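J.: What follows is input_2.cif; its format and atoms are mmCIF, C-alpha atoms.
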data_work
loop_
_atom_site.label_atom_id
_atom_site.label_comp_id
_atom_site.auth_asym_id
_atom_site.auth_seq_id
_atom_site.Cartn_x
_atom_site.Cartn_y
_atom_site.Cartn_z
CA MET W 125 3.31 38.13 -125.60
CA ARG W 126 5.67 35.22 -124.87
CA LYS W 127 8.58 34.58 -127.18
CA ILE W 128 9.13 31.00 -128.30
CA ASN W 129 12.46 29.72 -126.99
CA THR W 130 13.97 27.88 -129.94
CA ASN W 131 16.41 26.15 -127.58
CA ASP W 132 13.70 24.85 -125.22
CA PHE W 133 10.30 24.05 -126.72
CA ARG W 134 7.68 21.32 -127.00
CA ILE W 135 6.12 20.38 -130.32
CA ALA W 136 2.33 20.01 -130.47
CA THR W 137 1.17 16.51 -131.38
CA ARG W 138 -2.17 15.04 -132.43
CA THR W 139 -3.06 14.54 -128.76
CA THR W 140 -2.11 18.06 -127.62
CA SER W 141 -5.55 19.62 -128.02
CA ARG W 142 -7.22 16.74 -126.19
CA ASP W 143 -4.69 17.01 -123.33
CA ILE W 144 -5.45 20.71 -123.00
CA ASN W 145 -9.21 20.15 -123.11
CA ARG W 146 -8.92 17.39 -120.51
CA ARG W 147 -7.07 19.76 -118.14
CA ILE W 148 -9.71 22.44 -118.72
CA ALA W 149 -12.48 19.97 -117.92
CA LEU W 150 -10.66 18.77 -114.80
CA ASN W 151 -10.23 22.32 -113.50
CA LEU W 152 -13.86 23.19 -114.19
CA VAL W 153 -15.02 20.14 -112.24
CA ARG W 154 -12.70 21.11 -109.37
CA GLU W 155 -13.93 24.70 -109.26
CA HIS W 156 -17.65 24.09 -109.78
CA GLN W 157 -18.30 20.61 -108.35
CA PRO W 158 -20.77 19.02 -108.20
CA LEU W 159 -21.11 19.56 -111.95
CA SER W 160 -23.23 17.71 -114.49
CA ARG W 161 -21.98 16.78 -117.94
CA ALA W 162 -24.47 19.21 -119.49
CA ASP W 163 -23.21 22.08 -117.33
CA LEU W 164 -19.63 21.17 -118.13
CA ALA W 165 -20.43 21.22 -121.87
CA ARG W 166 -22.01 24.66 -121.50
CA ARG W 167 -19.02 26.03 -119.60
CA MET W 168 -16.58 24.61 -122.16
CA LYS W 169 -18.78 25.67 -125.09
CA VAL W 170 -18.49 22.23 -126.70
CA THR W 171 -20.95 19.44 -127.49
CA ARG W 172 -22.03 16.85 -124.94
CA GLY W 173 -20.35 14.21 -127.06
CA VAL W 174 -16.96 15.87 -126.67
CA VAL W 175 -17.51 16.23 -122.92
CA SER W 176 -18.50 12.56 -122.59
CA VAL W 177 -15.21 11.49 -124.13
CA LEU W 178 -13.19 13.81 -121.85
CA VAL W 179 -15.13 12.78 -118.74
CA GLY W 180 -14.69 9.09 -119.60
CA GLU W 181 -10.92 9.56 -119.81
CA LEU W 182 -10.77 11.48 -116.51
CA ILE W 183 -12.82 8.79 -114.76
CA ALA W 184 -10.59 6.07 -116.20
CA GLU W 185 -7.53 7.93 -114.88
CA GLY W 186 -9.11 8.05 -111.41
CA LEU W 187 -9.16 11.86 -111.31
CA ILE W 188 -12.94 12.36 -111.06
CA PHE W 189 -15.95 10.20 -110.21
CA GLU W 190 -19.69 10.19 -110.76
CA GLY W 191 -21.68 10.95 -107.64
CA ALA W 192 -25.31 11.61 -106.81
CA THR W 193 -28.01 12.34 -109.36
CA GLY W 194 -29.91 15.61 -109.48
CA GLU W 195 -33.46 16.57 -110.29
CA ALA W 196 -34.68 17.31 -113.82
CA LEU W 197 -37.97 18.77 -115.06
CA ARG W 198 -38.01 16.14 -117.79
CA GLY W 199 -35.78 13.51 -119.29
CA ARG W 200 -32.89 11.75 -117.58
CA LYS W 201 -31.71 12.92 -114.19
CA PRO W 202 -28.20 14.44 -114.39
CA THR W 203 -25.32 12.62 -112.72
CA PHE W 204 -22.93 14.96 -110.95
CA LEU W 205 -19.17 14.85 -111.35
CA ARG W 206 -16.74 15.41 -108.49
CA LEU W 207 -13.00 15.48 -108.05
CA ARG W 208 -11.68 12.26 -106.51
CA THR W 209 -9.86 13.39 -103.37
CA GLN W 210 -11.23 11.53 -100.37
CA ASP W 211 -9.15 8.37 -100.82
CA ARG W 212 -5.94 10.08 -101.98
CA PHE W 213 -3.61 11.62 -99.43
CA VAL W 214 -0.76 14.12 -99.21
CA VAL W 215 1.76 14.71 -96.42
CA ALA W 216 2.59 18.40 -96.00
CA VAL W 217 5.57 19.68 -94.00
CA ASP W 218 6.34 23.27 -93.00
CA ILE W 219 9.84 23.64 -91.52
CA ARG W 220 10.53 26.80 -89.55
CA LEU W 221 13.28 27.83 -87.16
CA SER W 222 11.05 27.53 -84.10
CA GLN W 223 8.60 24.77 -85.01
CA THR W 224 7.84 22.17 -87.66
CA TYR W 225 4.28 21.54 -88.80
CA LEU W 226 3.30 18.12 -90.15
CA MET W 227 -0.11 17.64 -91.77
CA LEU W 228 -1.93 14.82 -93.48
CA SER W 229 -4.61 16.02 -95.91
CA ASP W 230 -6.62 14.63 -98.74
CA LEU W 231 -5.77 15.61 -102.30
CA GLY W 232 -8.17 18.54 -102.08
CA GLY W 233 -6.26 20.05 -99.15
CA ARG W 234 -8.74 19.09 -96.41
CA GLN W 235 -6.84 18.66 -93.15
CA ILE W 236 -7.06 15.20 -91.60
CA SER W 237 -4.32 15.40 -88.98
CA LEU W 238 -1.92 18.10 -87.74
CA GLU W 239 1.17 17.77 -85.56
CA VAL W 240 3.35 20.65 -84.33
CA TYR W 241 6.69 20.14 -82.60
CA PRO W 242 10.06 21.91 -82.04
CA THR W 243 12.25 21.90 -85.14
CA VAL W 244 15.27 19.61 -85.22
CA LEU W 245 17.94 21.84 -86.75
CA SER W 246 20.45 19.18 -87.81
CA PRO W 247 19.41 18.20 -91.37
CA ALA W 248 20.31 14.53 -90.89
CA ASP W 249 18.49 14.31 -87.55
CA LEU W 250 15.54 16.23 -88.96
CA VAL W 251 15.13 13.78 -91.85
CA LYS W 252 15.38 10.81 -89.49
CA ASP W 253 12.82 12.27 -87.08
CA LEU W 254 10.52 13.43 -89.87
CA GLY W 255 10.64 10.05 -91.59
CA GLU W 256 9.60 8.30 -88.38
CA ARG W 257 6.78 10.76 -87.75
CA ILE W 258 5.47 10.41 -91.31
CA GLY W 259 5.58 6.62 -91.03
CA ARG W 260 3.51 6.70 -87.83
CA LEU W 261 1.10 9.23 -89.31
CA LEU W 262 0.40 7.16 -92.43
CA LYS W 263 0.09 3.97 -90.42
CA THR W 264 -2.38 5.57 -88.00
CA HIS W 265 -4.63 6.66 -90.86
CA ASN W 266 -3.98 3.62 -93.06
CA ALA W 267 -2.85 5.97 -95.82
CA LYS W 268 0.55 4.69 -96.96
CA SER W 269 -0.69 2.87 -100.07
CA SER W 270 -2.80 5.83 -101.21
CA CYS W 271 -0.39 8.66 -100.38
CA GLU W 272 0.45 10.70 -103.48
CA GLY W 273 3.62 12.19 -102.02
CA ILE W 274 5.23 14.61 -99.57
CA GLY W 275 5.42 18.39 -99.98
CA VAL W 276 8.00 20.29 -97.92
CA ALA W 277 8.05 24.09 -97.50
CA VAL W 278 11.34 25.57 -96.25
CA PRO W 279 12.48 29.16 -95.55
CA GLY W 280 15.24 29.27 -98.11
CA ILE W 281 16.41 29.09 -101.73
CA VAL W 282 15.67 25.73 -103.38
CA ASP W 283 17.24 24.45 -106.60
CA GLN W 284 14.22 23.21 -108.57
CA ARG W 285 16.32 20.86 -110.68
CA THR W 286 17.69 18.88 -107.73
CA GLY W 287 15.50 19.87 -104.78
CA ARG W 288 18.60 20.85 -102.79
CA ILE W 289 18.25 23.69 -100.30
CA LEU W 290 20.96 26.07 -101.44
CA ASN W 291 20.71 28.58 -98.61
CA ALA W 292 18.30 28.82 -95.67
CA PRO W 293 19.75 31.55 -93.42
CA THR W 294 17.02 31.17 -90.80
CA LEU W 295 17.90 27.50 -90.32
CA GLY W 296 21.64 27.93 -90.85
CA TRP W 297 21.57 25.50 -93.79
CA ARG W 298 23.64 25.61 -96.98
CA ASP W 299 23.55 23.05 -99.80
CA VAL W 300 21.37 20.59 -97.86
CA ASP W 301 19.68 17.62 -99.54
CA VAL W 302 16.44 16.86 -97.71
CA LEU W 303 14.58 15.61 -100.78
CA SER W 304 16.49 12.44 -101.66
CA ALA W 305 17.14 11.54 -98.02
CA LEU W 306 13.47 11.83 -97.08
CA ALA W 307 12.35 10.01 -100.24
CA SER W 308 14.74 7.17 -99.45
CA ARG W 309 13.51 6.91 -95.87
CA THR W 310 9.78 7.03 -96.68
CA GLY W 311 9.60 5.43 -100.13
CA LEU W 312 7.44 8.33 -101.34
CA SER W 313 8.00 11.09 -103.89
CA VAL W 314 9.12 14.31 -102.22
CA HIS W 315 8.76 17.90 -103.45
CA VAL W 316 10.69 20.75 -101.78
CA GLU W 317 9.92 24.42 -102.31
CA ASN W 318 10.61 27.85 -100.84
CA ALA W 319 7.88 28.56 -98.26
CA ALA W 320 6.75 31.88 -99.74
CA ARG W 321 6.50 30.39 -103.24
CA ALA W 322 4.54 27.49 -101.79
CA CYS W 323 2.10 30.01 -100.26
CA ALA W 324 1.70 31.72 -103.63
CA LEU W 325 1.12 28.35 -105.27
CA ALA W 326 -1.54 27.56 -102.67
CA GLN W 327 -3.25 30.87 -103.40
CA MET W 328 -3.42 29.95 -107.08
CA TRP W 329 -4.65 26.45 -106.27
CA VAL W 330 -7.27 27.02 -103.57
CA GLY W 331 -7.68 30.79 -103.50
CA GLY W 332 -10.02 32.84 -105.66
CA ARG W 333 -11.49 30.94 -108.58
CA GLY W 334 -13.07 31.84 -111.87
CA ALA W 335 -13.44 35.55 -112.58
CA SER W 336 -12.41 36.44 -109.01
CA ALA W 337 -8.99 34.76 -109.26
CA ALA W 338 -5.97 37.08 -109.30
CA HIS W 339 -3.40 36.30 -111.99
CA ASN W 340 -0.83 38.89 -110.90
CA PHE W 341 -0.13 38.97 -107.17
CA VAL W 342 2.49 38.63 -104.47
CA HIS W 343 2.27 36.64 -101.26
CA VAL W 344 4.32 37.95 -98.33
CA SER W 345 5.00 35.33 -95.67
CA VAL W 346 6.03 36.83 -92.31
CA SER W 347 7.31 34.29 -89.79
CA ASP W 348 10.71 33.67 -88.16
CA GLY W 349 11.94 35.02 -91.50
CA VAL W 350 10.28 36.82 -94.41
CA GLY W 351 9.65 35.48 -97.90
CA VAL W 352 7.80 36.67 -100.99
CA GLY W 353 6.15 34.55 -103.67
CA VAL W 354 5.48 36.28 -106.99
CA VAL W 355 2.85 35.24 -109.55
CA ILE W 356 2.74 37.00 -112.93
CA ASN W 357 0.19 36.11 -115.61
CA GLY W 358 -0.86 33.08 -113.59
CA GLU W 359 2.65 31.64 -113.43
CA LEU W 360 4.91 31.30 -110.39
CA VAL W 361 8.11 33.29 -110.92
CA ARG W 362 11.32 31.44 -110.01
CA GLY W 363 14.07 33.38 -111.75
CA HIS W 364 17.16 32.11 -113.54
CA ASP W 365 18.73 30.53 -110.42
CA ASP W 366 15.56 30.04 -108.33
CA MET W 367 16.18 33.23 -106.34
CA ALA W 368 13.23 35.33 -107.49
CA GLY W 369 11.21 36.77 -104.63
CA GLU W 370 13.95 37.19 -102.04
CA PHE W 371 12.68 40.67 -101.20
CA GLY W 372 13.07 39.91 -97.50
CA HIS W 373 16.78 40.51 -98.01
CA VAL W 374 16.47 43.84 -99.81
CA PRO W 375 17.73 46.50 -97.36
CA LEU W 376 15.51 49.22 -95.96
CA ASN W 377 18.60 50.74 -94.34
CA ILE W 378 22.14 49.49 -95.00
CA GLU W 379 23.11 50.62 -91.50
CA GLY W 380 20.19 48.80 -89.89
CA PRO W 381 20.18 45.68 -87.68
CA VAL W 382 22.03 42.57 -88.79
CA CYS W 383 19.86 40.00 -90.55
CA MET W 384 20.26 36.24 -90.23
CA CYS W 385 21.66 36.24 -93.77
CA GLY W 386 24.62 38.26 -92.46
CA ALA W 387 23.78 41.54 -94.21
CA SER W 388 22.57 44.69 -92.47
CA GLY W 389 19.19 46.38 -92.66
CA CYS W 390 17.23 43.71 -94.56
CA TRP W 391 13.43 44.08 -94.64
CA GLU W 392 13.32 40.76 -92.75
CA ALA W 393 15.38 42.26 -89.91
CA TYR W 394 12.59 44.82 -89.38
CA ILE W 395 9.36 42.80 -89.73
CA SER W 396 10.00 39.13 -88.90
CA ASN W 397 8.58 37.64 -85.72
CA ILE W 398 12.06 37.68 -84.23
CA ALA W 399 12.46 41.36 -85.12
CA THR W 400 9.18 42.23 -83.39
CA LEU W 401 10.14 40.22 -80.29
CA SER W 402 13.58 41.81 -80.10
CA ARG W 403 11.97 45.24 -80.45
CA TYR W 404 9.58 44.49 -77.59
CA PHE W 405 12.42 43.38 -75.29
CA GLY W 406 14.70 46.23 -76.37
CA ARG W 407 17.30 43.94 -77.90
CA ASP W 408 19.48 45.03 -80.82
CA LEU W 409 19.58 42.34 -83.50
CA SER W 410 23.00 43.53 -84.51
CA LYS W 411 24.38 42.58 -81.08
CA SER W 412 23.03 39.03 -80.80
CA ARG W 413 22.44 35.99 -82.91
CA PRO W 414 18.74 36.00 -83.84
CA ILE W 415 18.53 32.24 -83.23
CA SER W 416 19.28 32.92 -79.56
CA LEU W 417 16.02 34.86 -79.33
CA LEU W 418 14.03 31.63 -79.60
CA GLY W 419 13.52 28.80 -77.15
CA GLY W 420 12.84 31.03 -74.18
CA GLY W 421 15.70 33.38 -74.94
CA LEU W 422 13.31 36.32 -74.61
CA GLY W 423 11.26 35.39 -71.59
CA GLY W 424 9.57 32.50 -73.36
CA LEU W 425 7.17 34.83 -75.18
CA SER W 426 6.01 34.30 -78.76
CA ILE W 427 4.78 36.85 -81.28
CA THR W 428 1.19 35.86 -80.48
CA ASP W 429 1.89 36.60 -76.80
CA VAL W 430 3.17 40.08 -77.66
CA ILE W 431 0.07 40.71 -79.81
CA ALA W 432 -2.14 39.60 -76.92
CA LEU W 433 -0.28 41.98 -74.59
CA ALA W 434 -0.80 44.83 -77.07
CA ARG W 435 -4.53 44.09 -77.17
CA ALA W 436 -4.59 44.12 -73.37
CA GLY W 437 -3.14 47.64 -73.30
CA ASP W 438 0.59 46.99 -72.88
CA GLY W 439 2.15 50.14 -74.33
CA LYS W 440 5.53 48.57 -75.07
CA ALA W 441 3.94 45.68 -76.93
CA ALA W 442 1.69 48.05 -78.89
CA ALA W 443 4.70 50.17 -79.88
CA ALA W 444 6.62 47.10 -81.08
CA ILE W 445 3.68 45.92 -83.18
CA LYS W 446 3.09 49.41 -84.60
CA ALA W 447 6.75 49.73 -85.65
CA THR W 448 6.56 46.38 -87.42
CA ALA W 449 3.41 47.57 -89.19
CA ARG W 450 5.16 50.67 -90.53
CA TYR W 451 8.16 48.72 -91.82
CA LEU W 452 5.80 46.17 -93.37
CA GLY W 453 4.02 48.94 -95.27
CA LEU W 454 7.28 50.51 -96.47
CA GLY W 455 8.41 47.16 -97.84
CA LEU W 456 5.06 46.58 -99.51
CA ALA W 457 5.54 49.88 -101.35
CA MET W 458 8.74 48.43 -102.80
CA LEU W 459 6.80 45.43 -104.10
CA VAL W 460 3.90 47.49 -105.43
CA ASN W 461 6.14 50.00 -107.19
CA GLY W 462 8.36 47.31 -108.68
CA LEU W 463 5.81 44.62 -109.63
CA ASN W 464 2.45 46.42 -109.85
CA PRO W 465 0.39 43.41 -108.67
CA GLU W 466 -3.40 43.17 -108.69
CA CYS W 467 -3.23 42.53 -104.95
CA VAL W 468 -0.93 41.58 -102.11
CA TYR W 469 -1.56 38.66 -99.75
CA ILE W 470 0.02 38.64 -96.31
CA GLY W 471 0.40 35.51 -94.22
CA GLY W 472 1.86 34.85 -90.79
CA GLU W 473 1.12 35.39 -87.13
CA ILE W 474 1.35 39.18 -87.43
CA THR W 475 -1.94 39.10 -89.33
CA THR W 476 -3.77 38.22 -86.10
CA ALA W 477 -3.12 41.86 -85.19
CA TRP W 478 -4.49 43.13 -88.51
CA SER W 479 -7.27 45.19 -86.92
CA MET W 480 -4.55 46.99 -84.92
CA ILE W 481 -2.02 47.50 -87.69
CA GLU W 482 -3.94 47.79 -90.97
CA SER W 483 -4.13 51.60 -90.94
CA ALA W 484 -0.39 51.93 -90.21
CA VAL W 485 0.50 49.44 -92.97
CA ARG W 486 -1.66 51.22 -95.52
CA ALA W 487 -0.35 54.67 -94.48
CA ALA W 488 3.26 53.56 -94.94
CA LEU W 489 2.41 52.02 -98.31
CA ALA W 490 0.71 55.22 -99.44
CA GLU W 491 3.70 57.25 -98.25
CA ARG W 492 6.05 55.49 -100.67
CA ALA W 493 3.71 54.45 -103.49
CA LEU W 494 4.49 56.22 -106.76
CA THR W 495 0.87 56.69 -107.87
CA ASP W 496 -2.55 56.97 -106.24
CA ALA W 497 -3.56 53.73 -107.93
CA ALA W 498 -0.53 51.95 -106.45
CA SER W 499 -1.40 53.22 -102.97
CA ARG W 500 -4.84 51.63 -103.31
CA THR W 501 -3.48 48.16 -104.16
CA PRO W 502 -5.66 45.68 -102.22
CA ILE W 503 -3.93 44.08 -99.23
CA LEU W 504 -5.56 40.78 -98.30
CA VAL W 505 -4.89 38.70 -95.21
CA ALA W 506 -4.31 34.94 -95.30
CA GLU W 507 -5.48 33.93 -91.84
CA PRO W 508 -2.95 31.79 -89.88
CA VAL W 509 -5.67 29.26 -89.12
CA GLU W 510 -5.67 28.42 -92.82
CA HIS W 511 -1.99 27.34 -92.60
CA PRO W 512 -1.00 28.83 -95.98
CA ARG W 513 2.45 27.19 -95.88
CA LEU W 514 0.95 23.75 -95.30
CA ARG W 515 -1.62 24.35 -98.03
CA GLY W 516 1.30 25.32 -100.26
CA ALA W 517 3.19 22.14 -99.36
CA THR W 518 0.06 20.15 -100.25
CA ALA W 519 -0.20 22.04 -103.54
CA LEU W 520 3.35 21.02 -104.44
CA VAL W 521 2.02 17.47 -104.79
CA ALA W 522 -1.54 18.08 -105.96
CA ALA W 523 -1.42 21.18 -108.15
CA PRO W 524 0.73 19.88 -111.07
CA MET W 525 -2.09 17.67 -112.31
CA PHE W 526 -4.22 20.81 -112.80
CA ALA W 527 -1.53 22.93 -114.44
CA ALA W 528 -1.79 24.10 -118.02
CA PRO W 529 0.26 21.91 -120.39
CA ARG W 530 3.22 23.68 -121.87
CA VAL W 531 3.20 24.00 -125.63
CA ALA W 532 5.89 25.83 -127.67
#
Output the structure of this file as structure tokens.

T.:
Amino acid sequence: MRKINTNDFRIATRTTSRDINRRIALNLVREHQPLSRADLARRMKVTRGVVSVLVGELIAEGLIFEGATGEALRGRKPTFLRLRTQDRFVVAVDIRLSQTYLMLSDLGGRQISLEVYPTVLSPADLVKDLGERIGRLLKTHNAKSSCEGIGVAVPGIVDQRTGRILNAPTLGWRDVDVLSALASRTGLSVHVENAARACALAQMWVGGRGASAAHNFVHVSVSDGVGVGVVINGELVRGHDDMAGEFGHVPLNIEGPVCMCGASGCWEAYISNIATLSRYFGRDLSKSRPISLLGGGLGGLSITDVIALARAGDGKAAAAIKATARYLGLGLAMLVNGLNPECVYIGGEITTAWSMIESAVRAALAERALTDAASRTPILVAEPVEHPRLRGATALVAAPMFAAPRVA
């Protein structure tokens, strides 16, 4: 049950029901394309006449198009409907401490081009560099005039009203305005979101569909830092001040290693890529700035290198990965006990070692879970090759057109 907020509501008008039905039709076409009008009418449980009106409006808005015809035993051959994505583009950006990922995709999230390069940590220099790269990317693919916008995923707290990055400890940023600066430089609309929330949004947008779609889940993003996106009843949870989901900074041990946020013993300080690397090299995070562990500061190895060493039989690497797995599971128990999700998604490079760490993660979860049912919460891996953060950045631009209209 959701209480009506009498200080913040939207009155239904004569067009409200049609707007809702149009969104339903659009989502059904997206999920089941190619789809005939007759099949769409059956799925919506309405007459073909109603569907024809809705389809006509969606075609006129440029959201769907009529494609090939199908076979029919008798009568007219059905014309199939598809989402119009191939000539509409989105620029997706994933900013991390170590690297920045820049992708051009179509509106459906299909990757067209991907560029990876070392992150420029000065906000002003980053915007300048990023603007130039985006300009070249759009020019190369002749996509400037048909680009719907830019989605940016960052490892920090973002004010949704202004798009300002309030605090990104991993990057060392506070109160940084990337949105307006990048929009001014590129002439495109820009959307900025916390990386973990963007991953959760991507899971809603391109993950399980229909009856298989989860409506209550968490997405844990493990990278240079750690973030958690929370979805409850099909809605992304932001919190009063856009801080919901910062479980990476909940302490496992208040006397533990120093986190990049400045506090001690955060979950992030135990399971991030930097934490695993420092564990492998025997470094104490509390005695060095975590940023110094990048850029060759630890022998030039990455987390994927350490995982490869573990697979090759390196005992020290295997021990570092196993310790990360245990701390990951203990933190997941916190999420499962507190939020009771249908499932948990995990993204990041550590998932390439899933066959090595799954049993340890599940054992640690079971150790702290409050019920047997909680200990059996499904843990699903978002493969790094899928680039969940970039998919989330794309979804920042594309997903709003599919969202349920708010009424009351």

J.: Quick one: of W:Trp329, W:Phe213, W:Phe189, W:Tyr404, who's nearest to Glu359 (chain W), counting only C-alpha atoms?

T.: W:Trp329

J.: Rank nothing, just name the residue among W:Ala477, W:Ala338, W:Tyr451, W:Thr310 nearest to Leu433 (chain W), using only C-alpha atoms.

T.: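 Counting only C-alpha atoms, the residue closest to Leu433 (chain W) is W:Ala477.
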
J.: When distances are computed from only C-alpha atoms, which of W:Leu205, W:Leu254, W:Leu178, W:Ala165 shows the smallest separation from Gly191 (chain W)?

T.: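 Of W:Leu205, W:Leu254, W:Leu178, W:Ala165, the one nearest Gly191 (chain W) is W:Leu205, counting only C-alpha atoms.
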
J.: I want to know what sits within 8 Å of Arg161 (chain W), based on all atoms listed in the file, with residues of the same chain fewer than 2 positions away left out; could you give that as a ChimeraX atom specification?

T.: /W:159,163-165,172,175-176,179,202-205

J.: Which residues would end up in the selection if the PyMOL selection byres ((chain W and resi 230) around 12) were applied here, given that I need the answer as a PyMOL selection string?

T.: chain W and resi 207-216+227-229+231-237+265+267+270-274+515+518-519+521-522

J.: Any idea what the distance is between CA of Gln157 (chain W) and CA of Cys323 (chain W)?

T.: 23.9 Å

J.: Neighbours of region 292-306 of chain W within 8 Å (all atoms listed in the file; same-chain residues fewer than 4 positions away dropped), as a PyMOL selection string?

T.: chain W and resi 220-221+245+247+251-252+254-255+278-281+287-288+310+314-316+348-349+384-385+415

J.: Those residues you just picked out, can you put them in a file as a PDB file, keeping the file's coordinate frame with C-alpha atoms?

T.:
ATOM      1  CA  ARG W 220      10.530  26.800 -89.550  1.00  0.00           C
ATOM      2  CA  LEU W 221      13.280  27.830 -87.160  1.00  0.00           C
ATOM      3  CA  LEU W 245      17.940  21.840 -86.750  1.00  0.00           C
ATOM      4  CA  PRO W 247      19.410  18.200 -91.370  1.00  0.00           C
ATOM      5  CA  VAL W 251      15.130  13.780 -91.850  1.00  0.00           C
ATOM      6  CA  LYS W 252      15.380  10.810 -89.490  1.00  0.00           C
ATOM      7  CA  LEU W 254      10.520  13.430 -89.870  1.00  0.00           C
ATOM      8  CA  GLY W 255      10.640  10.050 -91.590  1.00  0.00           C
ATOM      9  CA  VAL W 278      11.340  25.570 -96.250  1.00  0.00           C
ATOM     10  CA  PRO W 279      12.480  29.160 -95.550  1.00  0.00           C
ATOM     11  CA  GLY W 280      15.240  29.270 -98.110  1.00  0.00           C
ATOM     12  CA  ILE W 281      16.410  29.090-101.730  1.00  0.00           C
ATOM     13  CA  GLY W 287      15.500  19.870-104.780  1.00  0.00           C
ATOM     14  CA  ARG W 288      18.600  20.850-102.790  1.00  0.00           C
ATOM     15  CA  THR W 310       9.780   7.030 -96.680  1.00  0.00           C
ATOM     16  CA  VAL W 314       9.120  14.310-102.220  1.00  0.00           C
ATOM     17  CA  HIS W 315       8.760  17.900-103.450  1.00  0.00           C
ATOM     18  CA  VAL W 316      10.690  20.750-101.780  1.00  0.00           C
ATOM     19  CA  ASP W 348      10.710  33.670 -88.160  1.00  0.00           C
ATOM     20  CA  GLY W 349      11.940  35.020 -91.500  1.00  0.00           C
ATOM     21  CA  MET W 384      20.260  36.240 -90.230  1.00  0.00           C
ATOM     22  CA  CYS W 385      21.660  36.240 -93.770  1.00  0.00           C
ATOM     23  CA  ILE W 415      18.530  32.240 -83.230  1.00  0.00           C
TER      24      ILE W 415
END

J.: Skipping near chain neighbours, those fewer than 6 positions away, what residues fall within 12 Å of Val240 (chain W) using all atoms listed in the file, listed as an MDAnalysis selection string?

T.: chainID W and resid 216:220 222:227 254 257 511 514
